[in-house]
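For reference, the structure discussed in these notes is given below.
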There are 2 protein chains.
Amino acid sequence: MRIHSIAIADPPLRSSYGLHAPYALRTILEIESDDGITGISETYGGEVPAQALDAIRQKVIGQNPYRLTGLLSSMVEGEGSGIDRSQTYLVPGENPLDQTTRTYAAVEVACLDLIGKSVGQPVCDLIGGRVRDQIAFSAYPFFKHAGGGGEGDDLREDEYGEVMTPETFVQEVKQMIAKYGFSSIKMKGGVLEPDLEIETVRLLYQELGAEIPLRIDPNSAWTASTSVRVGKALAEELSGGGYLEDPTAGLENMAQVRKQLLAEGIMIPLATNVAVTSFADIPRAIELDAVQIILSDHHYWGGMRQVQRLANLCKVFGIGLSMHSNSHLGISLMAMTHVAAATPHLTYACDTHYPWQSVKDEVVLGGRVPIVNGCVRIPDKSGLGVELDYDQLARGRERYEKYPYRKRDDEAEMQKHIDPLWKRSIPRW
Amino acid sequence: MRIHSIAIADPPLRSSYGLHAPYALRTILEIESDDGITGISETYGGEVPAQALDAIRQKVIGQNPYRLTGLLSSMVEGEGSGIDRSQTYLVPGENPLDQTTRTYAAVEVACLDLIGKSVGQPVCDLIGGRVRDQIAFSAYPFFKHAGGGGEGDDLREDEYGEVMTPETFVQEVKQMIAKYGFSSIKMKGGVLEPDLEIETVRLLYQELGAEIPLRIDPNSAWTASTSVRVGKALAEELSGGGYLEDPTAGLENMAQVRKQLLAEGIMIPLATNVAVTSFADIPRAIELDAVQIILSDHHYWGGMRQVQRLANLCKVFGIGLSMHSNSHLGISLMAMTHVAAATPHLTYACDTHYPWQSVKDEVVLGGRVPIVNGCVRIPDKSGLGVELDYDQLARGRERYEKYPYRKRDDEAEMQKHIDPLWKRSIPRW
């Protein structure tokens with residue numbers, strides 16, 4: 001069992017949390033069997049996730065990979081039930097309440113990759129069988145400052161430059177679509193005044209047409225009444241297969257927004273990846289009709305099988321399922337693709353930050369995983385279908401050692417680079 | 001792909017459905033891979049289940065067993081949602097609304113057995129990993145007429161004789177406990193007058209003590225008010241880890257019983273295997289608080305993974321999970337044991353009819369699966385851990401051909417052997 005903390009250049013992306021640091025952190029896990037097969041996975045980075053994995057080392061080493069998930073099942077079954085694991089304030093990699101599910105998920109994925117490689121089958125076919133061979137992802141445009149991340153001699157440029165106006169945002173999206181072929185857009189909002197973000201969505205809709213579903217995610221930056229105002233203003237733009245994601249904080253506020261939009265005859269569904277982040281949050285969410293779409297994420301929901309169970313539950317209660325993403329490399333992208341392939345009730349294109357990362361940091365052998373026509377294919381390969389590039393892994397470890405980042409702190413980055421007095425404020429508008 | 005319809009002797013057991021025929025019917029499925037490994041499963045018998053399997057033969061042959069469940073997923077995902085699949089009137093093997101989930105389940109289990117045998121791992125470790133190595137089953141006593149089933153020179157005797165009084169019922173249970181070591185009891189009711197069944201439960205409680213949980217299942221034979229009366233009469237006897245299973249028909253009546261019992265301060269949970277038989281039934285059941293325990297059954301819920309998903313959903317909503325059984329042999333018993341081993345949220349000992357079957361009909365090589373201290377162990381073997389005895393299988397097929405039974409019809413058996421005018425009547429009391 002080998003745990004690698006790496007740092008990967010990340011552009012200065014903006015959200016209601018603040019500003020992305022020049023490096024995003026990831027943890028790469030390797031589990032090698034005694035017959036020399038190595039399963040890999042990728043999870044949240046920095047000190048805490050790596051330490052959590054290290055802490056279960058003795059439970060992992062020497063075990064049968066087929067049995068490890070059962071042996072560790074209390075990490076997903078025993079903990080967290082009945083506890084509100086809201087991520088409204090705590091980002092997933094830093095939320096102590098989902099530490100055990102995150103840790104379990106990293107081990108589960110590595111075991112499934114190892115098993116898949118040992119039996120010559122793709123991971124999606126180990127967990128119930130694929131129902132689709134390729135997975136659609138959304139463009140995930142952000143408002144951002146100039147540059148592509150990194151520091152010193154590792155500093156990057158990117159093709160997007162500064163994107164802090166509606167017009168440059170549309171340009172960013174067009175470039176992304178030209179490059180990756182995306183056919184839906186998830187816009188990160190909560191950065192500019194709501195009226196400017198409304199204008200941005202309208203401009204996207206005008207320029208790209210009604211056939212491209214649009215979603216906006218201001219990360220709880222708005223009050224319930226601002227959320228309703230935005231929903232009313234964008235009733236047409238967000239209706240065609242789009243959604244309004246976490247406009248406001250908390251299930252009660254979300255429920256208010258839903259109720260008031262419905263009262264106006266506006267059917268835009270509300271999605272969340274912060275108000276519902278564990279099974280324990282679901283009964284209340286259903287009771288309140290607070291969310292109509294849940295964004296799954298195997299990284300913190302407790303692995304691939306838990307996402308399948310979440311999807312089943314969502315189907316039973318008529319809730320849509322989409323997929324959340326954090327800054328990640330190709331191993332996570334492939335894990336997301338495999339679980340999505342084996343999850344029948346997946347009703348929206350998945351989120352991915354992958355276009356924001358660079359081939360220079362990719363740890364997957366052969367370079368970046370291709371996104372073609374907005375989709376990632378299940379390759380005709382065993383396990384996750386990717387192998388580690390150990391030179392690149394060493395490079396990521398070096399950068400991790402060289403730079404001081406040990407956890408994600410978007411507020412501190414805002415204070416450092418943009419405004420020394422900036423505080424995350426929810427709601428801001 | 002080989003489909004074997006077999007008949008197995010079954011004692012003249014009584015329930016609100018009527019009388020068990022001298023033979024119960026089962027279907028044994030074999031799926032053989034091109035490298036000569038055979039996966040097996042067991043499901044409902046008679047013409048309809050066998051034909052349903054035969055109808056998908058072309059979808060199965062030539063496929064990769066790892067991918068078959070994905071390829072057939074519309075059989076569990078596409079059908080039945082939103083449809084009430086109640087089994088109050090239709091037994092599972094004869095209910096057209098769960099035909100696709102039953103058929104899928106038989107294929108899933110055979111594929112998992114095949115995969116397990118090919119990789120040298122038990123099935124429970126393929127589907128998420130075992131959380132326990134042995135599974136507790138309940139004694140499942142019935143009121144019955146004399147004899148052990150079968151016809152002609154195949155006629156059986158059994159050790160229980162006629163059991164149509166409280167006293168003989170207690171004797172039957174004691175014999176079962178002595179033979180198998182059960183430490184909980186599920187009593188099949190709905191046969192005698194409710195007062196006699198109340199007397200039977202009280203006698204069991206007196207004779208066996210409060211540490212043996214007791215459940216009674218009259219298969220919807222009672223009105224809501226009779227159910228409440230029985231619940232009140234047995235408040236003490238059914239409270240210690242026991243439950244009242246399907247006392248009355250339909251979610252609304254069950255909800256009435258629950259409400260009235262709670263109003264009397266009686267906490268006995270209500271269980272069901274007929275009012276909730278598919279995911280589509282669950283939202284309404286939760287809304288009404290109609291059931292506090294769901295009896296899973298991989299045979300008709302759509303396979304092992306669907307049972308795991310059901311269990312997860314039950315956990316989320318604070319619903320208990322137990323397991324339903326129909327007359328079955330050792331292949332089904334092992335499949336039930338494997339899925340139970342890999343289902344963390346299993347909160348009661350499982351039902352099994354297995355003690356009612358005879359070694360003479362067992363199709364498992366080496367004879368009957370041992371139940372020791374009321375438990376079945378996951379053996380240290382691949383797949384389900386059992387192989388087919390082809391001589392015994394041929395014997396079961398012969399009996400199927402020789403006798404006229406082609407579907408389960410307990411009402412017809414009652415009319416034939418006990419009372420020509422007997423009709424199933426719900427509620428009867």
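We label chains A, B, ... in the order they appear in the structure tokens, count residues from 1 in each chain, and number ligands from 1 in the order shown.
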* Can you check which residues of stretch 148-355 of chain A DSSP gives as helix (DSSP H, G or I) on the backbone and send them as a ChimeraX atom specification? => /A:152-154,166-180,194-208,224-233,251-263,279-288,298-301,304-316,330-341,354-355
* Counting only C-alpha atoms, which residues from chain A have an atom at most 7 Å from any atom of chain B, and could you show them as a ChimeraX atom specification? -> /A:66-71,125-126,128-131,279-280,283,309,312-313,316-317
* State, in Å with one decimal place, the distance from atom CA of A:Ile28 to atom CA of A:Met75. => 19.6 Å
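Ranking B:Thr27, B:Cys111, B:Gly93, B:Tyr205 by their shortest atom-to-atom distance to B:Asp409, with only C-alpha atoms included, puts B:Gly93 first.
Across the model, the gap from atom CA of B:Ile319 to atom CA of B:Ala290 is 10.6 Å.
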* To do: Just give me the gap between atom CA of A:Asn373 and atom CA of A:Lys179 in Å, one decimal is fine.
  =>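 Value for the atom CA of A:Asn373-atom CA of A:Lys179 distance: 9.0 Å.
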